[in-house]
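Here's work.tsv, which has TSV, C-alpha atoms:
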chain	number	residue	atom	x	y	z
D	30	MET	CA	98.03	220.31	176.06
D	31	ILE	CA	95.19	217.94	176.89
D	32	SER	CA	92.85	220.83	177.73
D	33	ALA	CA	93.43	222.32	174.29
D	34	LEU	CA	92.08	219.10	172.78
D	35	ALA	CA	89.49	218.23	175.43
D	36	ARG	CA	87.67	221.58	175.50
D	37	PRO	CA	86.61	221.51	171.82
D	38	LEU	CA	85.59	217.86	172.13
D	39	LEU	CA	83.44	218.63	175.16
D	40	ALA	CA	81.99	221.73	173.47
D	41	ALA	CA	81.05	220.00	170.19
D	42	PRO	CA	77.73	218.43	171.33
D	43	PHE	CA	76.65	221.69	172.94
D	44	ILE	CA	77.45	223.66	169.78
D	45	ALA	CA	75.66	221.14	167.53
D	46	SER	CA	72.60	221.16	169.79
D	47	GLY	CA	72.58	224.97	169.92
D	48	ILE	CA	72.79	225.33	166.15
D	49	ASP	CA	70.00	222.79	165.70
D	50	ALA	CA	67.76	224.69	168.15
D	51	MET	CA	68.42	227.97	166.32
D	52	MET	CA	67.81	226.51	162.86
D	53	LYS	CA	64.86	224.20	163.66
D	54	PRO	CA	63.03	225.47	166.74
D	55	LYS	CA	59.84	223.61	165.81
D	56	GLU	CA	61.64	220.29	166.37
D	57	HIS	CA	62.36	221.40	169.94
D	58	ARG	CA	58.81	222.53	170.78
D	59	GLU	CA	57.78	219.41	172.65
D	60	ALA	CA	60.73	219.66	175.04
D	61	ALA	CA	60.28	223.43	175.34
D	62	ASP	CA	56.59	222.97	176.17
D	63	ARG	CA	57.49	220.40	178.82
D	64	ALA	CA	60.05	222.76	180.39
D	65	LEU	CA	57.63	225.70	180.23
D	66	ALA	CA	54.92	223.63	181.94
D	67	VAL	CA	57.27	223.10	184.87
D	68	ALA	CA	58.11	226.83	184.92
D	69	GLU	CA	54.39	227.64	184.77
D	70	SER	CA	53.74	225.42	187.80
D	71	LEU	CA	56.32	227.53	189.63
D	72	GLY	CA	54.42	230.74	188.80
D	73	VAL	CA	56.21	231.85	185.62
D	74	ALA	CA	53.82	233.13	182.94
D	75	ARG	CA	53.68	230.97	179.82
D	76	PRO	CA	54.67	232.85	176.62
D	77	ALA	CA	52.76	232.67	173.34
D	78	GLN	CA	53.70	229.83	170.97
D	79	SER	CA	55.65	232.18	168.67
D	80	SER	CA	57.61	233.32	171.72
D	81	VAL	CA	58.43	229.68	172.52
D	82	ASP	CA	60.23	229.42	169.18
D	83	LEU	CA	62.09	232.66	169.94
D	84	LEU	CA	63.00	231.35	173.40
D	85	THR	CA	64.21	228.09	171.83
D	86	ARG	CA	66.37	230.02	169.37
D	87	ALA	CA	67.77	232.19	172.15
D	88	THR	CA	68.62	229.11	174.21
D	89	GLY	CA	70.28	227.62	171.14
D	90	ALA	CA	72.28	230.81	170.68
D	91	VAL	CA	73.49	230.68	174.29
D	92	PHE	CA	74.53	227.04	173.85
D	93	THR	CA	76.34	227.87	170.61
D	94	VAL	CA	78.17	230.94	171.92
D	95	ALA	CA	79.10	229.32	175.24
D	96	GLY	CA	80.23	226.19	173.40
D	97	LEU	CA	82.39	228.22	171.03
D	98	CYS	CA	83.88	230.13	173.97
D	99	LEU	CA	84.70	226.87	175.72
D	100	ALA	CA	86.18	225.36	172.55
D	101	ARG	CA	88.40	228.39	171.92
D	102	GLY	CA	89.44	228.79	175.55
D	103	LYS	CA	87.75	232.19	175.95
D	104	LEU	CA	86.20	232.38	179.43
D	105	PRO	CA	86.35	228.59	179.60
D	106	ARG	CA	85.33	228.26	183.24
D	107	SER	CA	82.30	230.54	182.94
D	108	SER	CA	81.14	229.09	179.65
D	109	ALA	CA	81.50	225.52	180.96
D	110	LEU	CA	79.45	226.42	184.04
D	111	VAL	CA	76.71	227.96	181.86
D	112	LEU	CA	76.64	224.88	179.62
D	113	GLY	CA	76.53	222.46	182.53
D	114	GLY	CA	73.82	224.39	184.32
D	115	MET	CA	71.63	224.80	181.24
D	116	GLN	CA	72.04	221.18	180.18
D	117	ILE	CA	70.27	219.80	183.27
D	118	PRO	CA	66.72	221.15	182.67
D	119	ILE	CA	67.04	220.69	178.91
D	120	ALA	CA	68.09	217.05	179.28
D	121	LEU	CA	65.14	216.39	181.59
D	122	ALA	CA	62.75	218.15	179.19
D	123	ARG	CA	64.05	216.12	176.23
D	124	ASN	CA	63.96	212.78	178.02
D	125	PRO	CA	60.78	212.44	180.09
D	126	PHE	CA	61.43	208.83	181.12
D	127	TRP	CA	58.84	209.11	183.93
D	128	GLU	CA	56.10	209.39	181.27
D	129	GLN	CA	57.33	206.51	179.12
D	130	LYS	CA	57.33	202.73	179.07
D	131	GLY	CA	59.39	199.98	177.49
D	132	GLN	CA	62.03	200.72	174.86
D	133	GLU	CA	61.16	204.43	174.71
D	134	ARG	CA	61.85	204.71	178.45
D	135	ARG	CA	65.18	202.86	178.09
D	136	ASN	CA	66.19	205.17	175.23
D	137	SER	CA	65.33	208.24	177.31
D	138	LEU	CA	67.30	206.92	180.28
D	139	THR	CA	70.30	206.22	178.03
D	140	ALA	CA	70.12	209.74	176.61
D	141	LEU	CA	69.76	211.16	180.11
D	142	VAL	CA	72.86	209.30	181.30
D	143	SER	CA	74.78	210.68	178.30
D	144	ALA	CA	73.57	214.18	179.15
D	145	ALA	CA	74.69	213.62	182.75
D	146	GLY	CA	78.15	212.82	181.41
D	147	LEU	CA	78.18	216.11	179.52
D	148	VAL	CA	77.09	217.95	182.65
D	149	GLY	CA	79.85	216.26	184.64
D	150	GLY	CA	82.45	217.11	182.02
D	151	ALA	CA	81.28	220.72	181.89
D	152	LEU	CA	81.41	221.02	185.68
D	153	ILE	CA	84.93	219.62	185.75
D	154	ALA	CA	85.92	222.06	183.00
D	155	SER	CA	84.37	224.90	185.02
D	156	GLN	CA	86.91	224.20	187.76
D	157	ASP	CA	89.96	223.86	185.48
D	158	ARG	CA	92.40	226.63	186.29
D	159	GLY	CA	94.95	225.69	183.64
D	160	GLY	CA	97.55	224.69	186.22
D	161	LYS	CA	97.15	227.88	188.26
D	162	PRO	CA	96.38	227.46	191.95
D	163	SER	CA	92.98	228.43	193.33
D	164	LEU	CA	92.38	231.62	195.27
D	165	GLY	CA	91.87	229.53	198.42
D	166	TRP	CA	95.26	227.87	198.00
D	167	ARG	CA	96.92	231.23	197.35
D	168	ALA	CA	95.30	232.74	200.46
D	169	GLN	CA	96.45	229.81	202.62
D	170	ARG	CA	99.96	230.09	201.20
D	171	LEU	CA	100.05	233.83	201.85
D	172	ALA	CA	98.88	233.32	205.45
D	173	LYS	CA	101.49	230.58	205.99
D	174	ASP	CA	104.25	232.82	204.57
D	175	ALA	CA	103.11	235.69	206.82
D	176	ARG	CA	103.17	233.42	209.90
D	177	SER	CA	106.62	232.16	208.94
D	178	ALA	CA	107.94	235.71	208.46
D	179	ALA	CA	106.48	236.79	211.82
D	180	SER	CA	108.06	233.77	213.51
D	181	ASP	CA	111.43	234.58	211.91
D	182	ARG	CA	111.22	238.19	213.14
D	183	LEU	CA	110.35	236.97	216.63
D	184	ASP	CA	113.32	234.56	216.62
D	185	THR	CA	115.65	237.34	215.49
D	186	ALA	CA	114.38	239.69	218.20
D	187	THR	CA	114.71	236.97	220.84
D	188	ASN	CA	118.30	236.24	219.75
D	189	ARG	CA	119.18	239.94	220.03
D	190	LEU	CA	117.82	240.04	223.56
D	191	HIS	CA	119.85	237.01	224.56
D	192	ILE	CA	123.05	238.51	223.08
D	193	GLY	CA	122.42	241.76	224.95
D	194	ASP	CA	121.98	239.86	228.24
D	195	GLY	CA	125.36	238.26	227.80
D	196	ARG	CA	123.89	234.76	227.62

How does the structure come out when it is put into structure tokens?
Amino acid sequence: MISALARPLLAAPFIASGIDAMMKPKEHREAADRALAVAESLGVARPAQSSVDLLTRATGAVFTVAGLCLARGKLPRSSALVLGGMQIPIALARNPFWEQKGQERRNSLTALVSAAGLVGGALIASQDRGGKPSLGWRAQRLAKDARSAASDRLDTATNRLHIGDGR
């Protein structure tokens, strides 16, 4: 019940941010340029400025679609993982506190801490199995049941031997 309410609440900021990036890519250029500069330092070719707007819109579309999937419970674990993973570089690109001083730096740090909360929430949501046990737990349970069944068969066989001996 709580997940049905929590998922849309967690998805809402991602969806809003994605729609904003799709509708107004020019307002996201500074952050996109900052992120692309880091990528360029790692050897990735820098696209033309018109391609930066297209890349910003595409990123916004991914945020919007993944957010909607999370909100509706469609592939919630995968969409939450995508949102959490994409939020990290975007939050750093939007809040370059290392380049700022004074109140601007404090505002960026506050926004970065809020973004970290969204990342944490998304990562928790990516592990939510809706009450179903994990594959690891199921495998351990299956192995334990197999050991127990083998032990029971061994006990039964041992008892038969003792009865046949006349003990």

Which residues come within 6 Å of Ala90 of chain D, counting only C-alpha atoms, excluding same-chain residues fewer than 3 positions away, as a list in words? Gly47, Ala87 and Thr93 of chain D

Selection file, C-alpha atoms, as a PDB file, in the frame of the given file:
ATOM      1  CA  GLY D  47      72.580 224.970 169.920  1.00  0.00           C
ATOM      2  CA  ALA D  87      67.770 232.190 172.150  1.00  0.00           C
ATOM      3  CA  THR D  93      76.340 227.870 170.610  1.00  0.00           C
TER       4      THR D  93
END

Counting all atoms listed in the file, write as a count of residues only all protein and nucleic acid residues lying at most 12 Å from (86.4, 223.9, 183.2) in the file's frame. 37

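If you look at atom CA of Ser46 of chain D and atom CA of Thr88 of chain D, they are 9.9 Å away from each other.
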
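Residues surrounding His57 of chain D within 10 Å are Asp49, Ala50, Met51, Lys53, Pro54, Lys55, Glu59, Ala60, Ala61, Asp62, Val81, Asp82, Thr85, Arg86, Ala122 and Arg123 of chain D [only C-alpha atoms; sequence separation below 2 positions excluded].
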
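From atom CA of Met115 of chain D back to atom CA of Val73 of chain D, the distance works out to 17.5 Å.
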
Pick out the residues sitting within 9 Å of segment 134-142 of chain D, and hand them over as an MDAnalysis selection string; count only C-alpha atoms, and ignore anything fewer than 5 positions along from it in its own chain. chainID D and resid 120:121 123:129 147

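Atom pair atom CA of Ala144 of chain D / atom CA of Ile117 of chain D has a distance of 7.7 Å (rounded to one decimal).
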